[in-house]
Amino acid sequence: MAKRGVLVPALLLLLAPATPAPSSDVPPPNLARLGTVPDWSGLDPHQGTITREEFVHLLRHCYTRGPAETEGLIRIEGDRALILKQSNHPEAGWYDLRFKNGAPLPSGTARYWRPPVETHDLPPNSSKPLAGLRIAIDPGHIGGKWVTWDDRHFKLGGPDTLEVREGEMTLIVAKLLKRDLGLLGAEVFLTRESNHPVTRERPETLRDEARAYLLRRGQIPTEKRITDTAKVMFAISSEIRARGDLINDSIQPDLALCLHFDASPWPGGRPAFRSPNHLHLLVNGCYAKAEIAEDDTRFEMVLRILQRIYHEEIRLADTVSRTLQRETRLPAASYDGIQGKSVNGNEYVWARNLLANRVFLCPVLFFEPFCMNHRETHARVQEGAYAGLREINGVYRKNIYQEYADGVTAGLVRYYRQQRRQTAPGERGGS
Ligand SMILES: [Zn+2]
């Protein structure tokens, strides 16, 4: 359908490989784990495309925890925003982003994803309400023998009890969604189809990077610290960045769904059942000052603002949270305003800055339903992906994976029917 790939070269240029500092006077840049030095000219296509009012609103309302978080890093002037290029080296200068001043917008948009208004028109009552959409599904974490690398697995109960493995559970949901969203007309792509990592790196290949990262953070690179950091770099940073490359360079979807299951913390390091069970969805936002001080993170945050990803993300999250809540019957989870903040008064939707919902350069819905260490969730995981309904605490329910998938599917259908109905020509003023 749409001409994909036209923007790829531009996107590839946005992030150049990290280069060593040219002289000892210039400190190594402050970057997120396995981050790359941003090429600030990647913001050039967005010059003059956003008003001062909207830029400041998005920054304050969603992306930062408060005005103090951008102090010394982003300066808002009358007709422009100045963005520090290297936070620990002001001599590198400021990127000068001019605000829209009433001049007509340049044609075309420097992004690969399309809001519903730009996807093709949909006939009323179509049986394919997701036709024309490209959807990427990211099953969170890794499974199989890799499950131990990121601490998202545990065993509770006797010897016959199944181990709970988030990375395998998310893949089950992803495959159900791929089938169901495909039947409704969407083109669906999974970032992984098996329980193997997407990244080619391994903890052993990341030890030098881990050592350099620790040194940049002023920490002594002991063997244990290097091992621990390399492990996180493999299972989280490298793995998610590899999936981000797939999404941004190849799949180029209109929407990405990051599938996860939540868990409540257990005191003392031993798995334990906890209450309550709950549900929340995340949109990208709520950056801390330390995160905005990372050059690549600051660049990525500003790029999301300029692409107006927030508006699409929050409308989607609002709609899908309601259908998912109806399916799962879960109460809302909450944040303290620091780790995550509320942006639209929906108690099921929170803004939070995670690597995946920052580097996947399109609207991202990040799902966190069900606490895996809640008794009921744990019991439902033991039941597996059964057909039909089974009685769970006095209520007949689908298996937990299908319930998750159905809640997501219902929300997407509702959202795209609403959005496309409003914009389809010939339907205005109709019923
Ligand atoms: Zn997770």
# chains A, B, ... in the order shown; residues from 1 in each chain; ligands from 1
$ residues_around --residues "Thr319 (chain A)" --least-positions-apart "4" --cutoff "9 Å" --atoms "only C-alpha atoms" --output "PyMOL selection string"
chain A and resi 314-315+323-324+411-412+414-415
$ residues_around --residues "region 172-178 of chain A" --least-positions-apart "2" --cutoff "10 Å" --atoms "only C-alpha atoms" --output "JSON, numbers by chain"
{"A": [135, 136, 137, 138, 139, 140, 166, 167, 168, 169, 170, 180, 181, 182, 183, 186, 187, 188, 189, 190, 191, 192, 193, 194, 257, 258, 259, 260, 385, 400, 401, 402, 403, 404, 405, 406, 408, 409]}
$ closest_residue --among "A:Lys224, A:Arg304, A:His278, A:Arg270" --to "Tyr348 (chain A)" --atoms "only C-alpha atoms"
A:His278
$ select_by_dssp --residues "region 7-157 of chain A" --states "strand (DSSP E or B)" --output "mmCIF file with N, CA and C atoms, in the first residue's frame"
data_model
loop_
_atom_site.group_PDB
_atom_site.id
_atom_site.type_symbol
_atom_site.label_atom_id
_atom_site.label_comp_id
_atom_site.auth_asym_id
_atom_site.auth_seq_id
_atom_site.Cartn_x
_atom_site.Cartn_y
_atom_site.Cartn_z
ATOM 1 N N LEU A 15 21.007 8.513 13.921
ATOM 2 C CA LEU A 15 21.893 8.116 14.998
ATOM 3 C C LEU A 15 23.196 7.576 14.406
ATOM 4 N N PRO A 38 23.725 11.250 19.081
ATOM 5 C CA PRO A 38 22.719 11.683 18.099
ATOM 6 C C PRO A 38 23.275 12.645 17.067
ATOM 7 N N THR A 64 7.961 15.507 30.740
ATOM 8 C CA THR A 64 8.838 15.715 31.899
ATOM 9 C C THR A 64 8.039 15.641 33.189
ATOM 10 N N ILE A 74 17.320 22.324 27.951
ATOM 11 C CA ILE A 74 16.445 22.835 26.891
ATOM 12 C C ILE A 74 16.012 24.236 27.311
ATOM 13 N N ARG A 75 16.285 25.227 26.472
ATOM 14 C CA ARG A 75 15.883 26.611 26.772
ATOM 15 C C ARG A 75 14.761 27.021 25.836
ATOM 16 N N ILE A 76 13.659 27.483 26.413
ATOM 17 C CA ILE A 76 12.535 27.930 25.594
ATOM 18 C C ILE A 76 12.645 29.446 25.429
ATOM 19 N N ARG A 80 11.928 30.093 19.486
ATOM 20 C CA ARG A 80 12.710 28.872 19.271
ATOM 21 C C ARG A 80 12.992 28.147 20.582
ATOM 22 N N ALA A 81 13.317 26.867 20.464
ATOM 23 C CA ALA A 81 13.834 26.119 21.615
ATOM 24 C C ALA A 81 15.301 25.839 21.325
ATOM 25 N N LEU A 82 16.130 26.025 22.326
ATOM 26 C CA LEU A 82 17.546 25.694 22.183
ATOM 27 C C LEU A 82 17.808 24.429 22.993
ATOM 28 N N ILE A 83 18.383 23.437 22.316
ATOM 29 C CA ILE A 83 18.568 22.130 22.947
ATOM 30 C C ILE A 83 20.060 21.825 22.991
ATOM 31 N N LEU A 84 20.563 21.636 24.202
ATOM 32 C CA LEU A 84 22.000 21.395 24.372
ATOM 33 C C LEU A 84 22.385 20.097 23.670
ATOM 34 N N TRP A 94 24.292 24.430 20.943
ATOM 35 C CA TRP A 94 22.865 24.157 21.124
ATOM 36 C C TRP A 94 22.223 23.934 19.756
ATOM 37 N N TYR A 95 21.292 22.990 19.687
ATOM 38 C CA TYR A 95 20.502 22.835 18.473
ATOM 39 C C TYR A 95 19.390 23.885 18.515
ATOM 40 N N ASP A 96 19.227 24.564 17.404
ATOM 41 C CA ASP A 96 18.296 25.696 17.326
ATOM 42 C C ASP A 96 17.023 25.234 16.616
ATOM 43 N N LEU A 97 15.981 25.017 17.383
ATOM 44 C CA LEU A 97 14.705 24.553 16.809
ATOM 45 C C LEU A 97 13.729 25.733 16.749
ATOM 46 N N ARG A 98 13.451 26.181 15.523
ATOM 47 C CA ARG A 98 12.528 27.322 15.379
ATOM 48 C C ARG A 98 11.080 26.849 15.472
ATOM 49 N N ARG A 134 -0.562 -1.278 9.583
ATOM 50 C CA ARG A 134 0.603 -2.117 9.878
ATOM 51 C C ARG A 134 0.823 -2.073 11.390
ATOM 52 N N ILE A 135 0.827 -3.229 12.006
ATOM 53 C CA ILE A 135 0.959 -3.296 13.463
ATOM 54 C C ILE A 135 2.139 -4.192 13.815
ATOM 55 N N ALA A 136 3.054 -3.656 14.631
ATOM 56 C CA ALA A 136 4.164 -4.467 15.139
ATOM 57 C C ALA A 136 3.817 -4.920 16.545
ATOM 58 N N ILE A 137 4.062 -6.185 16.825
ATOM 59 C CA ILE A 137 3.839 -6.694 18.181
ATOM 60 C C ILE A 137 5.177 -7.121 18.760
ATOM 61 N N ASP A 138 5.471 -6.599 19.933
ATOM 62 C CA ASP A 138 6.734 -6.932 20.591
ATOM 63 C C ASP A 138 6.441 -7.757 21.844
ATOM 64 N N PRO A 139 6.666 -9.088 21.764
ATOM 65 C CA PRO A 139 6.468 -9.914 22.957
ATOM 66 C C PRO A 139 7.609 -9.639 23.939
ATOM 67 N N HIS A 153 11.067 -14.444 35.716
ATOM 68 C CA HIS A 153 10.545 -15.808 35.838
ATOM 69 C C HIS A 153 10.633 -16.200 37.306
ATOM 70 N N PHE A 154 9.746 -17.068 37.738
ATOM 71 C CA PHE A 154 9.808 -17.558 39.120
ATOM 72 C C PHE A 154 8.963 -18.820 39.239
#
$ residues_around --residues "His89 (chain A)" --least-positions-apart "5" --cutoff "10 Å" --atoms "only C-alpha atoms" --output "list in words"
Asp25, Val26, Pro27, Pro28, Pro29, Asn30 and Leu84 of chain A
$ residues_around --residues "Pro203 (chain A)" --least-positions-apart "5" --cutoff "7 Å" --atoms "only C-alpha atoms" --output "CSV table (one decimal) with N, CA and C atoms, in the first residue's frame"
chain,number,residue,atom,x,y,z
A,230,ALA,N,26.9,-6.2,32.0
A,230,ALA,CA,26.9,-6.9,30.6
A,230,ALA,C,25.6,-7.7,30.5
A,231,LYS,N,25.2,-8.3,31.6
A,231,LYS,CA,23.9,-9.1,31.6
A,231,LYS,C,22.7,-8.2,31.3
A,234,PHE,N,22.8,-7.0,27.7
A,234,PHE,CA,22.4,-8.1,26.7
A,234,PHE,C,20.8,-8.2,26.8
$ select_by_dssp --residues "region 272-376 of chain A" --states "helix (DSSP H, G or I)" --output "ChimeraX atom specification"
/A:289-292,295-306,309-328,355-359,375-376
$ write_last_selection --atoms "N, CA and C atoms" --output "CSV table (one decimal), in the first residue's frame"
chain,number,residue,atom,x,y,z
A,289,LYS,N,15.3,14.2,35.1
A,289,LYS,CA,16.4,15.0,34.7
A,289,LYS,C,17.6,14.2,34.2
A,290,ALA,N,17.9,13.2,35.0
A,290,ALA,CA,19.1,12.4,34.7
A,290,ALA,C,18.9,11.7,33.3
A,291,GLU,N,17.7,11.4,32.9
A,291,GLU,CA,17.4,10.8,31.6
A,291,GLU,C,17.6,11.8,30.5
A,292,ILE,N,17.0,13.0,30.8
A,292,ILE,CA,17.1,14.1,29.8
A,292,ILE,C,18.5,14.5,29.6
A,295,ASP,N,22.4,12.4,26.1
A,295,ASP,CA,22.2,13.1,24.8
A,295,ASP,C,21.3,12.4,23.9
A,296,ASP,N,21.4,11.1,23.8
A,296,ASP,CA,20.6,10.3,22.9
A,296,ASP,C,19.1,10.3,23.4
A,297,THR,N,18.9,10.2,24.7
A,297,THR,CA,17.6,10.2,25.3
A,297,THR,C,16.9,11.5,25.0
A,298,ARG,N,17.6,12.6,25.2
A,298,ARG,CA,17.1,14.0,25.0
A,298,ARG,C,16.6,14.1,23.5
A,299,PHE,N,17.5,13.6,22.6
A,299,PHE,CA,17.2,13.7,21.2
A,299,PHE,C,15.9,12.9,20.9
A,300,GLU,N,15.8,11.7,21.4
A,300,GLU,CA,14.7,10.8,21.2
A,300,GLU,C,13.4,11.4,21.7
A,301,MET,N,13.5,12.0,22.9
A,301,MET,CA,12.3,12.6,23.5
A,301,MET,C,11.8,13.8,22.6
A,302,VAL,N,12.7,14.6,22.2
A,302,VAL,CA,12.3,15.8,21.3
A,302,VAL,C,11.7,15.3,20.0
A,303,LEU,N,12.3,14.2,19.4
A,303,LEU,CA,11.8,13.6,18.2
A,303,LEU,C,10.4,13.1,18.4
A,304,ARG,N,10.1,12.5,19.5
A,304,ARG,CA,8.7,12.1,19.8
A,304,ARG,C,7.8,13.3,19.9
A,305,ILE,N,8.2,14.3,20.5
A,305,ILE,CA,7.4,15.6,20.6
A,305,ILE,C,7.1,16.1,19.2
A,306,LEU,N,8.2,16.2,18.4
A,306,LEU,CA,8.0,16.8,17.1
A,306,LEU,C,7.1,15.9,16.1
A,309,ILE,N,3.7,12.2,18.6
A,309,ILE,CA,3.3,10.8,18.9
A,309,ILE,C,2.3,10.7,20.1
A,310,TYR,N,2.5,11.7,21.0
A,310,TYR,CA,1.7,11.6,22.2
A,310,TYR,C,0.2,11.6,21.9
A,311,HIS,N,-0.3,12.4,21.0
A,311,HIS,CA,-1.7,12.6,20.7
A,311,HIS,C,-2.3,11.2,20.3
A,312,GLU,N,-1.6,10.5,19.4
A,312,GLU,CA,-2.1,9.2,18.9
A,312,GLU,C,-2.0,8.2,20.0
A,313,GLU,N,-0.9,8.2,20.8
A,313,GLU,CA,-0.7,7.2,21.8
A,313,GLU,C,-1.7,7.3,22.9
A,314,ILE,N,-2.0,8.5,23.3
A,314,ILE,CA,-2.9,8.7,24.5
A,314,ILE,C,-4.4,8.3,24.1
A,315,ARG,N,-4.8,8.7,22.9
A,315,ARG,CA,-6.1,8.3,22.5
A,315,ARG,C,-6.3,6.8,22.4
A,316,LEU,N,-5.3,6.1,21.8
A,316,LEU,CA,-5.3,4.7,21.7
A,316,LEU,C,-5.3,4.1,23.1
A,317,ALA,N,-4.4,4.5,23.9
A,317,ALA,CA,-4.3,3.9,25.3
A,317,ALA,C,-5.6,4.1,26.0
A,318,ASP,N,-6.2,5.2,25.9
A,318,ASP,CA,-7.5,5.5,26.6
A,318,ASP,C,-8.6,4.5,26.1
A,319,THR,N,-8.7,4.3,24.8
A,319,THR,CA,-9.7,3.4,24.3
A,319,THR,C,-9.4,1.9,24.7
A,320,VAL,N,-8.2,1.5,24.4
A,320,VAL,CA,-7.8,0.1,24.6
A,320,VAL,C,-7.8,-0.2,26.1
A,321,SER,N,-7.5,0.7,27.0
A,321,SER,CA,-7.5,0.4,28.4
A,321,SER,C,-8.9,0.0,28.9
A,322,ARG,N,-9.9,0.6,28.3
A,322,ARG,CA,-11.3,0.4,28.7
A,322,ARG,C,-11.8,-1.0,28.3
A,323,THR,N,-11.4,-1.4,27.0
A,323,THR,CA,-11.9,-2.8,26.6
A,323,THR,C,-11.0,-3.9,27.3
A,324,LEU,N,-9.8,-3.6,27.6
A,324,LEU,CA,-9.0,-4.6,28.3
A,324,LEU,C,-9.4,-4.7,29.7
A,325,GLN,N,-9.8,-3.6,30.3
A,325,GLN,CA,-10.3,-3.7,31.7
A,325,GLN,C,-11.6,-4.5,31.7
A,326,ARG,N,-12.5,-4.3,30.7
A,326,ARG,CA,-13.7,-5.0,30.7
A,326,ARG,C,-13.5,-6.5,30.5
A,327,GLU,N,-12.5,-6.9,29.7
A,327,GLU,CA,-12.2,-8.3,29.6
A,327,GLU,C,-11.6,-8.9,30.8
A,328,THR,N,-10.6,-8.2,31.4
A,328,THR,CA,-9.8,-8.8,32.5
A,328,THR,C,-10.4,-8.5,33.9
A,355,LEU,N,12.8,2.0,27.6
A,355,LEU,CA,13.6,2.0,26.4
A,355,LEU,C,12.8,1.7,25.2
A,356,ALA,N,11.9,0.7,25.3
A,356,ALA,CA,11.1,0.3,24.2
A,356,ALA,C,10.1,1.4,23.7
A,357,ASN,N,9.4,2.0,24.7
A,357,ASN,CA,8.5,3.0,24.2
A,357,ASN,C,9.1,4.4,23.9
A,358,ARG,N,10.4,4.4,24.1
A,358,ARG,CA,11.2,5.6,23.6
A,358,ARG,C,11.8,5.4,22.2
A,359,VAL,N,12.4,4.2,22.0
A,359,VAL,CA,13.2,4.0,20.8
A,359,VAL,C,12.3,3.4,19.6
A,375,ARG,N,-2.3,-14.7,43.3
A,375,ARG,CA,-2.7,-16.1,43.4
A,375,ARG,C,-3.6,-16.5,42.2
A,376,GLU,N,-4.5,-15.6,41.8
A,376,GLU,CA,-5.4,-15.9,40.7
A,376,GLU,C,-4.7,-16.0,39.4
$ atom_distance --atom1 "CA of Ala288 (chain A)" --atom2 "CA of Leu73 (chain A)"
12.2 Å
$ residues_around --residues "region 337-347 of chain A" --least-positions-apart "2" --cutoff "10 Å" --atoms "only C-alpha atoms" --output "ChimeraX atom specification"
/A:61-66,279-288,314-315,317-318,321-322,331-335,349-353
$ atom_distance --atom1 "CA of His196 (chain A)" --atom2 "CA of Ile142 (chain A)"
6.2 Å
$ atom_distance --atom1 "CA of Lys128 (chain A)" --atom2 "CA of Val413 (chain A)"
9.1 Å
$ closest_residue --among "A:Arg329, A:Lys100, A:Arg179, A:Arg33" --to "Ala235 (chain A)" --atoms "only C-alpha atoms"
A:Arg33
$ closest_residue --among "A:Pro271, A:Asn248, A:Gly143, A:Lys85" --to "Leu31 (chain A)" --atoms "only C-alpha atoms"
A:Lys85
$ closest_residue --among "A:Leu365, A:Leu184, A:Ala92, A:Met233" --to "Ala410 (chain A)" --atoms "only C-alpha atoms"
A:Leu184
